[in-house]
file entry08.cif (mmCIF, C-alpha atoms)
data_query
#
loop_
_atom_site.label_atom_id
_atom_site.label_comp_id
_atom_site.auth_asym_id
_atom_site.auth_seq_id
_atom_site.Cartn_x
_atom_site.Cartn_y
_atom_site.Cartn_z
CA MET P 1 108.41 72.68 90.53
CA LEU P 2 110.98 73.00 93.26
CA VAL P 3 110.80 75.71 95.87
CA ALA P 4 112.37 78.73 94.18
CA ILE P 5 115.48 80.32 95.53
CA ALA P 6 114.47 83.26 97.70
CA GLY P 7 115.14 86.59 96.06
CA ALA P 8 113.09 85.85 92.97
CA ALA P 9 110.57 88.42 94.10
CA VAL P 10 113.18 91.17 93.93
CA LEU P 11 112.72 91.39 90.17
CA ALA P 12 108.98 90.65 90.17
CA ARG P 13 107.98 94.21 89.25
CA PRO P 14 105.35 95.48 86.81
CA GLY P 15 106.52 94.57 83.33
CA ALA P 16 109.19 92.15 84.52
CA PRO P 17 108.98 88.96 82.43
CA ARG P 18 108.13 85.71 84.14
CA ALA P 19 107.14 82.21 83.17
CA GLN P 20 104.72 80.04 85.14
CA TYR P 21 107.25 80.11 87.96
CA LEU P 22 104.92 81.15 90.75
CA GLU P 23 107.10 80.93 93.84
CA SER P 24 107.75 84.68 93.69
CA TYR P 25 104.04 85.23 94.38
CA PHE P 26 103.82 83.03 97.46
CA THR P 27 104.16 85.11 100.60
CA ARG P 28 107.17 84.33 102.79
CA GLY P 29 105.45 85.42 106.02
CA VAL P 30 102.97 82.55 106.19
CA PRO P 31 103.97 79.28 107.91
CA GLY P 32 104.42 76.63 105.22
CA TYR P 33 105.65 79.19 102.68
CA ASP P 34 108.22 81.17 104.67
CA GLN P 35 111.91 80.43 104.13
CA GLU P 36 115.20 81.83 105.39
CA ARG P 37 117.90 82.07 102.70
CA GLY P 38 120.26 84.74 104.04
CA VAL P 39 120.07 88.45 104.78
CA THR P 40 121.21 91.15 102.36
CA VAL P 41 121.78 94.86 102.86
CA LEU P 42 118.26 95.53 101.59
CA THR P 43 116.51 92.95 103.80
CA ARG P 44 118.43 93.30 107.08
CA LEU P 45 116.51 94.57 110.10
CA ARG P 46 116.58 98.32 110.82
CA PRO P 47 114.75 98.92 114.13
CA LEU P 48 114.47 102.68 113.56
CA TYR P 49 112.69 102.14 110.25
CA GLU P 50 110.82 98.85 110.70
CA GLN P 51 107.06 98.91 110.19
CA PRO P 52 105.60 99.13 113.73
CA GLY P 53 102.50 97.01 113.11
CA ILE P 54 99.40 96.77 115.29
CA ARG P 55 99.30 94.27 118.16
CA LEU P 56 96.00 92.49 118.72
CA GLY P 57 96.44 90.12 121.64
CA SER P 58 99.06 87.57 120.62
CA PHE P 59 98.84 88.53 116.92
CA MET P 60 100.77 91.18 115.03
CA VAL P 61 98.91 92.91 112.18
CA ARG P 62 100.92 94.73 109.52
CA PRO P 63 98.97 96.63 106.84
CA HIS P 64 100.61 98.70 104.13
CA LEU P 65 99.75 100.43 100.86
CA ASP P 66 102.08 100.94 97.88
CA GLU P 67 101.13 103.65 95.38
CA ALA P 68 103.30 103.66 92.25
CA PHE P 69 103.21 105.97 89.24
CA GLY P 70 105.33 105.80 86.10
CA TYR P 71 105.67 105.07 82.41
CA ASP P 72 105.82 101.73 80.55
CA SER P 73 107.14 102.07 76.99
CA ASN P 74 105.65 98.71 75.91
CA ALA P 75 102.53 98.01 77.93
CA ALA P 76 101.49 94.82 76.09
CA GLY P 77 104.92 93.22 75.74
CA LEU P 78 104.55 92.73 71.97
CA SER P 79 106.49 94.02 68.98
CA SER P 80 105.52 97.66 68.22
CA SER P 81 103.20 97.85 71.23
CA PRO P 82 102.45 101.44 72.34
CA GLY P 83 103.57 102.87 75.66
CA SER P 84 101.40 104.07 78.50
CA TRP P 85 101.43 105.93 81.78
CA VAL P 86 100.68 103.45 84.56
CA LEU P 87 99.30 103.69 88.08
CA ARG P 88 99.79 100.70 90.38
CA THR P 89 97.87 100.47 93.66
CA SER P 90 98.95 97.64 95.99
CA PRO P 91 97.38 97.26 99.45
CA ALA P 92 98.50 94.31 101.58
CA LEU P 93 97.77 92.91 105.03
CA SER P 94 99.65 90.28 107.04
CA VAL P 95 98.66 88.76 110.38
CA ASN P 96 101.05 86.52 112.32
CA SER P 97 100.89 84.85 115.71
CA GLY P 98 103.52 85.41 118.37
CA TRP P 99 103.12 82.11 120.22
CA SER P 100 106.09 80.33 121.76
CA ARG P 101 104.78 77.05 120.29
CA ASN P 102 102.75 76.52 117.13
CA SER P 103 102.18 79.29 114.58
CA LEU P 104 99.47 80.81 112.39
CA GLY P 105 99.70 83.38 109.63
CA VAL P 106 97.44 85.06 107.08
CA ASP P 107 98.48 87.22 104.14
CA LEU P 108 96.27 89.21 101.73
CA SER P 109 97.50 91.32 98.83
CA LEU P 110 96.08 93.12 95.80
CA ASP P 111 97.75 94.71 92.76
CA ASN P 112 95.70 96.98 90.52
CA TYR P 113 97.41 98.13 87.31
CA GLN P 114 95.78 101.06 85.52
CA TYR P 115 97.22 101.81 82.06
CA TRP P 116 95.84 105.17 80.97
CA ASN P 117 96.88 105.11 77.29
CA THR P 118 96.25 101.39 76.72
CA PRO P 119 93.23 100.55 78.93
CA ARG P 120 93.00 96.98 77.61
CA GLN P 121 96.19 96.20 79.54
CA SER P 122 94.63 97.28 82.87
CA HIS P 123 94.06 94.41 85.28
CA THR P 124 93.88 93.45 88.94
CA ASP P 125 95.75 90.60 90.64
CA TRP P 126 95.08 89.40 94.16
CA THR P 127 96.36 86.68 96.45
CA ALA P 128 95.28 85.17 99.77
CA ALA P 129 97.22 82.72 101.91
CA ILE P 130 96.80 81.03 105.27
CA GLY P 131 99.19 78.65 106.95
CA GLY P 132 99.98 77.16 110.29
CA GLY P 133 102.54 75.07 112.09
CA TYR P 134 101.79 72.57 114.87
CA THR P 135 104.76 71.74 117.07
CA ILE P 136 105.46 68.02 117.36
CA GLY P 137 108.68 67.14 119.08
CA ARG P 138 111.43 69.44 117.83
CA SER P 139 109.73 70.43 114.57
CA ASN P 140 106.53 71.87 113.15
CA LEU P 141 104.00 70.06 111.01
CA THR P 142 103.07 72.79 108.51
CA LEU P 143 99.91 73.07 106.43
CA ALA P 144 99.34 76.01 104.09
CA TYR P 145 96.87 77.06 101.42
CA SER P 146 97.02 79.88 98.88
CA HIS P 147 94.68 81.20 96.23
CA LEU P 148 96.19 83.38 93.50
CA SER P 149 94.17 85.29 90.93
CA LEU P 150 96.71 86.54 88.39
CA HIS P 151 97.20 87.65 84.78
CA GLN P 152 99.79 86.56 82.23
CA SER P 153 101.14 89.19 79.84
CA ALA P 154 102.22 88.46 76.28
CA GLY P 155 105.66 89.73 77.29
CA ASP P 156 106.12 86.93 79.84
CA VAL P 157 108.44 84.11 78.85
CA GLY P 158 106.40 81.13 77.66
CA ALA P 159 103.17 83.14 77.28
CA VAL P 160 100.68 83.15 74.41
CA PRO P 161 100.72 86.38 72.31
CA ALA P 162 97.41 87.74 73.61
CA ASP P 163 96.16 91.27 72.95
CA GLN P 164 95.59 91.77 76.68
CA PRO P 165 96.63 89.98 79.88
CA VAL P 166 95.17 86.48 80.23
CA PRO P 167 93.43 85.82 83.59
CA TYR P 168 94.28 82.62 85.43
CA GLN P 169 93.91 81.21 88.93
CA VAL P 170 96.08 78.95 91.03
CA ASP P 171 95.08 77.07 94.18
CA ASP P 172 97.97 75.62 96.15
CA LEU P 173 97.88 73.26 99.16
CA ARG P 174 101.09 72.02 100.76
CA SER P 175 102.31 70.30 103.89
CA ALA P 176 105.69 69.26 105.34
CA TYR P 177 107.30 67.92 108.50
CA THR P 178 110.94 67.47 109.52
CA PHE P 179 112.10 64.35 111.33
CA ASP P 180 115.12 65.56 113.33
CA LEU P 181 117.59 62.77 114.14
CA GLY P 182 120.42 64.98 115.30
CA ARG P 183 122.91 65.61 112.51
CA LEU P 184 120.58 63.85 110.09
CA SER P 185 117.08 65.10 109.20
CA PHE P 186 114.35 64.08 106.74
CA THR P 187 111.62 66.43 105.49
CA PRO P 188 108.85 64.76 103.50
CA ASN P 189 106.55 67.20 101.71
CA ILE P 190 103.49 67.18 99.47
CA ASP P 191 102.09 69.90 97.23
CA VAL P 192 98.88 69.96 95.19
CA ARG P 193 98.49 72.85 92.75
CA ALA P 194 95.48 73.50 90.47
CA TYR P 195 95.66 75.88 87.48
CA GLN P 196 92.65 77.32 85.67
CA PHE P 197 92.91 79.68 82.66
CA ALA P 198 90.31 82.01 81.14
CA ASP P 199 90.09 82.77 77.40
CA ALA P 200 92.86 84.73 75.70
CA ILE P 201 92.06 87.46 73.16
CA ILE P 202 94.37 86.93 70.16
CA LEU P 203 93.99 89.30 67.19
CA GLY P 204 90.60 90.26 68.62
CA VAL P 205 89.35 86.67 68.67
CA PRO P 206 88.52 84.87 71.98
CA THR P 207 90.77 81.81 72.12
CA SER P 208 90.16 79.08 74.67
CA GLN P 209 92.99 78.32 77.08
CA GLU P 210 91.23 75.38 78.74
CA TYR P 211 93.88 73.03 77.37
CA ARG P 212 96.26 74.56 79.95
CA ASN P 213 94.05 73.72 82.95
CA ARG P 214 95.79 71.12 85.07
CA ILE P 215 96.36 69.67 88.51
CA VAL P 216 99.96 69.13 89.52
CA PHE P 217 100.70 66.67 92.32
CA SER P 218 104.21 66.64 93.75
CA GLY P 219 105.80 64.91 96.69
CA GLY P 220 109.29 64.23 97.85
CA VAL P 221 111.85 64.09 100.64
CA THR P 222 114.65 66.50 101.50
CA THR P 223 117.52 64.92 103.43
CA ARG P 224 120.03 67.05 105.31
CA TYR P 225 123.27 66.03 106.99
CA GLU P 226 124.84 68.64 109.29
CA LEU P 227 128.57 69.00 108.70
CA SER P 228 128.77 71.80 111.27
CA ASP P 229 126.59 74.63 112.49
CA LEU P 230 124.59 76.02 109.50
CA ARG P 231 126.60 73.88 107.05
CA ASN P 232 124.64 71.00 105.56
CA LEU P 233 124.80 68.45 102.80
CA VAL P 234 121.40 68.34 101.06
CA PHE P 235 119.79 65.69 98.87
CA VAL P 236 116.34 66.11 97.31
CA VAL P 237 114.16 63.56 95.50
CA GLN P 238 110.75 64.48 94.14
CA GLY P 239 108.03 63.05 91.94
CA VAL P 240 105.63 65.21 89.93
CA ASP P 241 102.40 64.24 88.17
CA SER P 242 100.88 66.84 85.80
CA HIS P 243 97.30 65.96 84.86
CA TYR P 244 95.54 68.15 82.27
CA THR P 245 91.82 68.27 82.99
CA ASN P 246 90.42 69.64 79.69
CA PRO P 247 92.02 67.77 76.78
CA GLN P 248 91.08 68.98 73.31
CA LEU P 249 89.49 66.72 70.73
CA GLY P 250 91.98 65.68 68.11
CA GLN P 251 94.96 66.98 70.11
CA PRO P 252 97.48 64.90 72.08
CA THR P 253 97.28 64.95 75.86
CA TYR P 254 99.94 66.91 77.73
CA ASN P 255 99.82 64.64 80.80
CA SER P 256 103.26 63.79 82.15
CA LYS P 257 105.13 62.29 85.09
CA SER P 258 108.50 63.51 86.28
CA PHE P 259 111.23 62.39 88.65
CA LEU P 260 113.83 64.80 90.05
CA ALA P 261 116.97 64.14 92.05
CA LEU P 262 119.35 66.86 93.27
CA GLY P 263 122.25 67.07 95.68
CA GLY P 264 124.43 69.82 97.00
CA LEU P 265 125.54 72.04 99.85
CA ASP P 266 123.73 74.57 102.06
CA TYR P 267 126.21 76.96 103.67
CA GLN P 268 124.32 79.64 105.62
CA ALA P 269 126.87 80.55 108.32
CA SER P 270 127.70 84.21 108.85
CA GLY P 271 130.70 85.44 106.93
CA VAL P 272 131.72 86.87 103.57
CA TRP P 273 130.06 84.02 101.64
CA ARG P 274 126.68 82.34 102.10
CA TYR P 275 125.45 79.96 99.44
CA GLN P 276 123.18 77.10 98.55
CA ILE P 277 123.68 74.91 95.49
CA LEU P 278 121.66 71.94 94.29
CA ILE P 279 122.50 70.16 91.02
CA GLY P 280 120.70 67.18 89.56
CA VAL P 281 118.58 65.77 86.77
CA GLU P 282 114.91 65.64 85.84
CA TYR P 283 113.32 62.89 83.78
CA ARG P 284 109.89 63.61 82.28
CA HIS P 285 107.70 60.96 80.66
CA PHE P 286 104.78 62.13 78.49
CA GLN P 287 101.63 60.08 78.22
CA SER P 288 101.20 60.93 74.54
CA PRO P 289 103.55 59.08 72.14
CA GLN P 290 103.69 62.28 70.05
CA PHE P 291 106.01 63.83 72.65
CA SER P 292 109.38 62.28 73.36
CA ASP P 293 110.51 61.69 76.91
CA ARG P 294 112.85 64.36 78.21
CA THR P 295 115.90 64.12 80.45
CA ALA P 296 117.63 67.37 81.36
CA PRO P 297 120.07 68.67 83.95
CA ILE P 298 118.43 70.99 86.49
CA ALA P 299 119.79 73.23 89.20
CA GLU P 300 118.86 75.61 91.99
CA ALA P 301 121.63 77.81 93.34
CA SER P 302 122.08 81.06 95.20
CA ALA P 303 125.09 82.83 96.67
CA ILE P 304 125.43 85.98 98.77
CA TRP P 305 128.77 87.76 98.86
CA THR P 306 129.26 90.47 101.50
CA PRO P 307 132.51 92.29 100.66
CA THR P 308 131.69 95.03 103.23
CA ASN P 309 129.00 95.67 105.83
CA LEU P 310 127.42 98.13 103.39
CA THR P 311 127.30 95.96 100.24
CA THR P 312 125.92 92.56 99.31
CA VAL P 313 126.01 90.82 95.93
CA THR P 314 123.42 88.07 95.35
CA GLY P 315 123.63 85.57 92.49
CA ILE P 316 120.76 83.22 91.62
CA LEU P 317 120.70 80.37 89.09
CA SER P 318 117.81 78.06 88.20
CA ARG P 319 117.05 75.48 85.52
CA THR P 320 113.76 73.54 85.40
CA ILE P 321 111.33 71.94 82.95
CA GLU P 322 108.06 73.92 82.76
CA ASP P 323 104.59 72.88 81.58
CA THR P 324 103.20 73.90 78.20
CA ALA P 325 101.78 77.34 77.45
CA ALA P 326 100.98 76.77 73.76
CA GLN P 327 99.08 74.23 71.71
CA GLY P 328 101.39 71.80 69.97
CA SER P 329 104.14 72.19 72.57
CA ALA P 330 104.91 69.79 75.42
CA GLY P 331 106.62 72.49 77.49
CA TYR P 332 110.05 74.04 77.70
CA THR P 333 113.30 73.99 79.61
CA TYR P 334 113.48 77.24 81.58
CA SER P 335 116.85 78.67 82.66
CA THR P 336 117.35 81.87 84.65
CA ALA P 337 120.32 83.77 86.02
CA ARG P 338 120.13 86.86 88.25
CA VAL P 339 122.66 89.19 89.83
CA ILE P 340 121.54 91.72 92.45
CA VAL P 341 123.81 94.32 94.08
CA ASP P 342 122.53 96.11 97.20
CA HIS P 343 124.42 99.01 98.73
CA GLU P 344 123.65 101.09 101.82
CA TYR P 345 124.55 104.65 100.86
CA ARG P 346 123.18 105.98 104.15
CA ARG P 347 121.53 104.06 106.96
CA ASN P 348 118.14 104.98 105.44
CA ILE P 349 119.07 105.23 101.74
CA MET P 350 119.70 102.05 99.74
CA TRP P 351 120.69 101.53 96.12
CA GLN P 352 120.13 98.40 94.07
CA GLY P 353 121.46 97.29 90.69
CA ARG P 354 120.06 94.17 89.06
CA ALA P 355 120.34 92.08 85.91
CA MET P 356 118.54 88.94 84.80
CA THR P 357 118.52 86.65 81.81
CA GLN P 358 115.90 84.01 80.99
CA VAL P 359 116.01 81.33 78.30
CA ALA P 360 113.05 79.12 77.33
CA GLU P 361 113.98 76.18 75.08
CA TYR P 362 110.78 74.62 73.74
CA LEU P 363 110.75 70.85 73.51
CA GLN P 364 109.12 71.03 70.06
CA GLY P 365 111.53 73.69 68.76
CA GLY P 366 112.05 77.41 69.21
CA THR P 367 113.84 79.49 71.83
CA GLN P 368 112.98 82.67 73.68
CA THR P 369 115.73 84.75 75.27
CA ASN P 370 114.97 87.59 77.65
CA PHE P 371 117.42 90.00 79.25
CA SER P 372 116.64 92.76 81.73
CA VAL P 373 118.71 95.26 83.66
CA GLY P 374 117.59 97.81 86.20
CA THR P 375 118.42 100.06 89.11
CA GLY P 376 116.56 101.60 92.00
CA VAL P 377 116.93 103.80 95.08
CA THR P 378 114.89 103.41 98.29
CA TRP P 379 114.61 106.15 100.91
CA LEU P 380 113.37 105.02 104.34
CA ILE P 381 111.72 108.23 105.50
CA ASN P 382 110.49 106.84 108.83
CA ARG P 383 108.79 103.70 110.18
CA ASN P 384 105.60 104.51 108.27
CA LEU P 385 106.84 105.93 104.97
CA ARG P 386 109.35 104.90 102.30
CA LEU P 387 109.95 106.22 98.79
CA SER P 388 111.41 104.18 95.90
CA VAL P 389 112.46 105.17 92.39
CA ASP P 390 113.09 102.34 89.89
CA TYR P 391 114.06 101.94 86.24
CA ASP P 392 114.15 98.64 84.31
CA PHE P 393 114.97 97.83 80.69
CA THR P 394 113.88 94.54 79.12
CA THR P 395 114.62 93.08 75.69
CA GLN P 396 113.31 89.79 74.35
CA SER P 397 114.07 87.84 71.18
CA GLY P 398 112.97 84.55 69.65
CA SER P 399 109.59 82.87 69.85
CA ASN P 400 107.75 79.62 70.40
CA SER P 401 107.55 77.75 67.10
CA ALA P 402 104.35 75.92 68.08
CA THR P 403 101.16 77.05 66.38
CA PHE P 404 98.17 78.39 68.25
CA ILE P 405 95.34 76.39 66.71
CA GLN P 406 92.05 78.27 66.36
CA PRO P 407 89.64 78.65 63.40
CA ASN P 408 90.48 81.64 61.19
CA LEU P 409 93.84 82.16 62.91
CA THR P 410 97.18 81.37 61.34
CA ALA P 411 100.37 80.50 63.20
CA ILE P 412 101.41 83.28 65.57
CA ASN P 413 104.63 84.02 67.34
CA THR P 414 105.45 86.73 69.82
CA GLY P 415 108.63 87.99 68.16
CA GLY P 416 110.96 90.33 70.02
CA TYR P 417 110.33 93.52 71.90
CA ASP P 418 112.03 96.18 74.02
CA ARG P 419 110.58 97.76 77.15
CA HIS P 420 111.55 100.68 79.38
CA LEU P 421 109.77 100.94 82.72
CA PHE P 422 110.09 103.85 85.15
CA LEU P 423 108.24 103.84 88.49
CA VAL P 424 108.07 106.05 91.57
CA THR P 425 106.55 104.23 94.56
CA MET P 426 105.44 105.55 97.95
CA ARG P 427 104.72 103.03 100.74
CA PHE P 428 102.41 103.88 103.63
CA ALA P 429 102.59 101.42 106.53
CA LEU P 430 101.05 101.10 109.99
#

call {"tool": "encode", "arguments": {"input": "entry08.cif", "output": "structure tokens"}}
result
Amino acid sequence: MLVAIAGAAVLARPGAPRAQYLESYFTRGVPGYDQERGVTVLTRLRPLYEQPGIRLGSFMVRPHLDEAFGYDSNAAGLSSSPGSWVLRTSPALSVNSGWSRNSLGVDLSLDNYQYWNTPRQSHTDWTAAIGGGYTIGRSNLTLAYSHLSLHQSAGDVGAVPADQPVPYQVDDLRSAYTFDLGRLSFTPNIDVRAYQFADAIILGVPTSQEYRNRIVFSGGVTTRYELSDLRNLVFVVQGVDSHYTNPQLGQPTYNSKSFLALGGLDYQASGVWRYQILIGVEYRHFQSPQFSDRTAPIAEASAIWTPTNLTTVTGILSRTIEDTAAQGSAGYTYSTARVIVDHEYRRNIMWQGRAMTQVAEYLQGGTQTNFSVGTGVTWLINRNLRLSVDYDFTTQSGSNSATFIQPNLTAINTGGYDRHLFLVTMRFAL
């Protein structure tokens, strides 16, 4: 719903659970999607080890290839699922303008997962994004479009318990402009997002997921008041209309309208602490009388603590209402909390520790709780090569109590599972 707090992508690794919270997939290097939320030890610039890129006129082209090899102890994300050796191949290409006014960016990425012992879990994701900014006055009018072709694993929070990853596509179009009135600024924005799901294979039976296809319209205004340099009061209002395009005969519609209001503080000045906190409420009205209206507190918050020049600690909190993933359910309240510790052991060797918890509380009953913890080391060999070694452990409990209605299938729930994931990744960049 809201723009996710930057840093969500840090834990978006193979096997890491996720709901339909897609902001971690949207590239940050494309105008209209890019955001600045503070620099950590891991993300700060290192001129001796920065990818050089290829200059073509006024554009900078940055291609890279990640090749990862490791072992996933629970490839499907289901109870008693077998493990598998996994090979992940991830080429990516970004192109950005270097103009003094206006901007244009393109980003392409692909992720191919090859599971050798459980080939049904093998799949390929890809994304493409283009965005631009046109300078009007002291601000840019941004327009951006993304297409994402992804897969949802049964181990993801809020997912159906499919035998193999479920393909789905997302098309996103968004625009925004900031009216700068000195200390006071207003940023109206619009976002149109279309979801389309392919069939899921559940207990060997193709099961239609068309009931999840939807178009989500959202629009709102972000108001900022500058207290001092890089210190702002922030107030956000937003309306959201979720329209499901393939309703099932005999089943209630999942159409809904929401209103969100949040307020808080954005403190991005240099120093030991940098933080952003927004707290508010979301009201959701469902078109079908079978589903009760929902009012819930929501929040978006992040904080970066820099106790020394070599260490940063990042905390991230989020609470939203997500759309349905299962028949008979009107959606769920999704809460996440993350802590990430980055430490520079040497100027080209970084260590990271991370922990995350996710809780999905289904509006029709049932709760899923997911906890993960991990660590990793990155060695910046030179400007073209870097080597990473990562380990993550995930455990999930609970299930969605809604039934998955299909002839010859009884009620299904995902149950709990444990997962150990070990990956060694080499990046080649030009």

call {"tool": "resolve_selection", "arguments": {"input": "entry08.cif", "expression": "the PyMOL selection byres ((chain P and resi 99) around 12)", "output": "NGL selection string"}}
result
:P and (57-60 or 96-98 or 100-105 or 132-135)

call {"tool": "atom_distance", "arguments": {"input": "entry08.cif", "atom1": "atom CA of Pro82 of chain P", "atom2": "atom CA of Thr369 of chain P"}}
result
21.5 Å

call {"tool": "closest_residue", "arguments": {"input": "entry08.cif", "among": "P:Ala429, P:Glu300, P:Gln152, P:Tyr345", "to": "Ala92 of chain P", "atoms": "all atoms listed in the file"}}
result
P:Ala429

call {"tool": "residues_around", "arguments": {"input": "entry08.cif", "residues": "segment 239-251 of chain P", "least_positions_apart": "6", "cutoff": "7 Å", "atoms": "all atoms listed in the file", "output": "JSON, numbers by chain"}}
result
{"P": [210, 211, 212, 213, 214, 215, 216, 217, 218, 219, 220, 257, 258, 259, 260]}

call {"tool": "residues_around", "arguments": {"input": "entry08.cif", "residues": "Pro52 of chain P", "least_positions_apart": "3", "cutoff": "12 Å", "atoms": "all atoms listed in the file", "output": "list in words"}}
result
Arg46, Pro47, Leu48, Tyr49, Arg55, Met60, Val61, Arg62, Pro63, His64, Asn382, Arg383, Asn384, Leu385, Phe428, Ala429 and Leu430 of chain P

call {"tool": "write_last_selection", "arguments": {"input": "entry08.cif", "atoms": "C-alpha atoms", "output": "mmCIF file, keeping the file's coordinate frame"}}
result
data_model
loop_
_atom_site.group_PDB
_atom_site.id
_atom_site.type_symbol
_atom_site.label_atom_id
_atom_site.label_comp_id
_atom_site.auth_asym_id
_atom_site.auth_seq_id
_atom_site.Cartn_x
_atom_site.Cartn_y
_atom_site.Cartn_z
ATOM 1 C CA ARG P 46 116.580 98.320 110.820
ATOM 2 C CA PRO P 47 114.750 98.920 114.130
ATOM 3 C CA LEU P 48 114.470 102.680 113.560
ATOM 4 C CA TYR P 49 112.690 102.140 110.250
ATOM 5 C CA ARG P 55 99.300 94.270 118.160
ATOM 6 C CA MET P 60 100.770 91.180 115.030
ATOM 7 C CA VAL P 61 98.910 92.910 112.180
ATOM 8 C CA ARG P 62 100.920 94.730 109.520
ATOM 9 C CA PRO P 63 98.970 96.630 106.840
ATOM 10 C CA HIS P 64 100.610 98.700 104.130
ATOM 11 C CA ASN P 382 110.490 106.840 108.830
ATOM 12 C CA ARG P 383 108.790 103.700 110.180
ATOM 13 C CA ASN P 384 105.600 104.510 108.270
ATOM 14 C CA LEU P 385 106.840 105.930 104.970
ATOM 15 C CA PHE P 428 102.410 103.880 103.630
ATOM 16 C CA ALA P 429 102.590 101.420 106.530
ATOM 17 C CA LEU P 430 101.050 101.100 109.990
#

call {"tool": "closest_atom_pairs", "arguments": {"input": "entry08.cif", "of": "segment 155-249 of chain P", "to": "segment 112-122 of chain P", "cutoff": "9 Å", "atoms": "only C-alpha atoms", "output": "CSV"}}
result
residue,atom,partner,partner_atom,distance
P:Asp163,CA,P:Arg120,CA,8.0
P:Gln164,CA,P:Gln121,CA,5.3
P:Pro165,CA,P:Gln121,CA,6.2

call {"tool": "residues_near_point", "arguments": {"input": "entry08.cif", "point": "(118.8, 67.2, 83.4)", "cutoff": "8 Å", "atoms": "all atoms listed in the file", "output": "PyMOL selection string"}}
result
chain P and resi 280-283+295-298

call {"tool": "residues_around", "arguments": {"input": "entry08.cif", "residues": "Trp273 of chain P", "least_positions_apart": "5", "cutoff": "9 Å", "atoms": "all atoms listed in the file", "output": "list in words"}}
result
Tyr267, Gln268, Ala303, Ile304, Trp305, Thr306 and Pro307 of chain P

call {"tool": "write_last_selection", "arguments": {"input": "entry08.cif", "atoms": "C-alpha atoms", "output": "compact mmCIF listing (two decimals), in the frame of the given file"}}
result
# COMPACT_ATOMS: atom_id res chain seq x y z
CA TYR P 267 126.21 76.96 103.67
CA GLN P 268 124.32 79.64 105.62
CA ALA P 303 125.09 82.83 96.67
CA ILE P 304 125.43 85.98 98.77
CA TRP P 305 128.77 87.76 98.86
CA THR P 306 129.26 90.47 101.50
CA PRO P 307 132.51 92.29 100.66

call {"tool": "residues_around", "arguments": {"input": "entry08.cif", "residues": "Ile136 of chain P", "least_positions_apart": "4", "cutoff": "12 Å", "atoms": "only C-alpha atoms", "output": "PyMOL selection string"}}
result
chain P and resi 101-102+140-142+177-180

call {"tool": "closest_residue", "arguments": {"input": "entry08.cif", "among": "P:Thr127, P:Asn309, P:Ser80, P:Ser302", "to": "Leu110 of chain P", "atoms": "only C-alpha atoms"}}
result
P:Thr127

call {"tool": "residues_around", "arguments": {"input": "entry08.cif", "residues": "segment 358-360 of chain P", "least_positions_apart": "3", "cutoff": "6 Å", "atoms": "all atoms listed in the file", "output": "list in words"}}
result
Tyr332, Thr333, Tyr334, Ser335, Thr336, Thr367, Gln368, Thr369 and Asn370 of chain P

call {"tool": "write_last_selection", "arguments": {"input": "entry08.cif", "atoms": "C-alpha atoms", "output": "PDB file, keeping the file's coordinate frame"}}
result
ATOM      1  CA  TYR P 332     110.050  74.040  77.700  1.00  0.00           C
ATOM      2  CA  THR P 333     113.300  73.990  79.610  1.00  0.00           C
ATOM      3  CA  TYR P 334     113.480  77.240  81.580  1.00  0.00           C
ATOM      4  CA  SER P 335     116.850  78.670  82.660  1.00  0.00           C
ATOM      5  CA  THR P 336     117.350  81.870  84.650  1.00  0.00           C
ATOM      6  CA  THR P 367     113.840  79.490  71.830  1.00  0.00           C
ATOM      7  CA  GLN P 368     112.980  82.670  73.680  1.00  0.00           C
ATOM      8  CA  THR P 369     115.730  84.750  75.270  1.00  0.00           C
ATOM      9  CA  ASN P 370     114.970  87.590  77.650  1.00  0.00           C
TER      10      ASN P 370
END
